[in-house]
Amino acid sequence: MSLELEIGELQLTFEGAAGHQHRAGTISRRAIALLEELVNQNLMQLGLAGGGRRLAQVTVPSVSADLSLSGDEQLARMVAQAIYGALVQQLRV
């Protein structure tokens with residue numbers, strides 16, 4: 001079973017990313033792919049296995065990392081986990 005995850009708009013801000021701007025797209029796309037995997041792996045926990053919910057907006061806490069010390073996969077995983085955590089919090093309300 002899988003879940004259709006539609007993200008209308010995703011705003012990511014990379015601060016202090018001088019010299020790393022070219023990585024933003026790769027990190028963002030990978031983060032969304034990882035988020036989809038997390039959601040689909042945990043459908044029962046999210047209470048979405050038998051139906052669906054629509055969330056107008058999900059606010060995600062900031063993720064802090066040094067782009068010069070972190071790889072794209074590590075950063076994408078951090079972003080995906082932060083979004084997933086915010087989704088879980090909001091769905092439990």
# chains A, B, ... in the order shown; residues from 1 in each chain; ligands from 1
>>> residues_around(residues="Gln74 of chain A", least_positions_apart="4", cutoff="12 Å", atoms="only C-alpha atoms", output="list in words")
Thr26, Ile27, Ser28, Arg30, Ala31, Leu34, Val63, Ser64, Ala65, Asp66, Leu67, Ser68, Leu69, Ser70, Met78, Val79, Ala80 and Gln81 of chain A
>>> select_by_dssp(residues="chain A", states="helix (DSSP H, G or I)", output="VMD selection string")
chain A and resid 21 to 41 43 to 46 72 to 91
>>> closest_residue(among="A:Leu91, A:Leu75, A:Ala24, A:Ala33", to="Ile7 of chain A", atoms="only C-alpha atoms")
A:Ala33
>>> residues_around(residues="Gln90 of chain A", least_positions_apart="2", cutoff="9 Å", atoms="only C-alpha atoms", output="number ranges by chain")
A: 55, 58-59, 85-88, 92-93
>>> atom_distance(atom1="atom CA of Leu35 of chain A", atom2="atom CA of Tyr84 of chain A")
6.3 Å
>>> atom_distance(atom1="atom CA of His20 of chain A", atom2="atom CA of Asp72 of chain A")
10.4 Å
>>> closest_residue(among="A:Glu37, A:Gly8, A:Ala56, A:Arg29", to="Ala76 of chain A", atoms="only C-alpha atoms")
A:Arg29
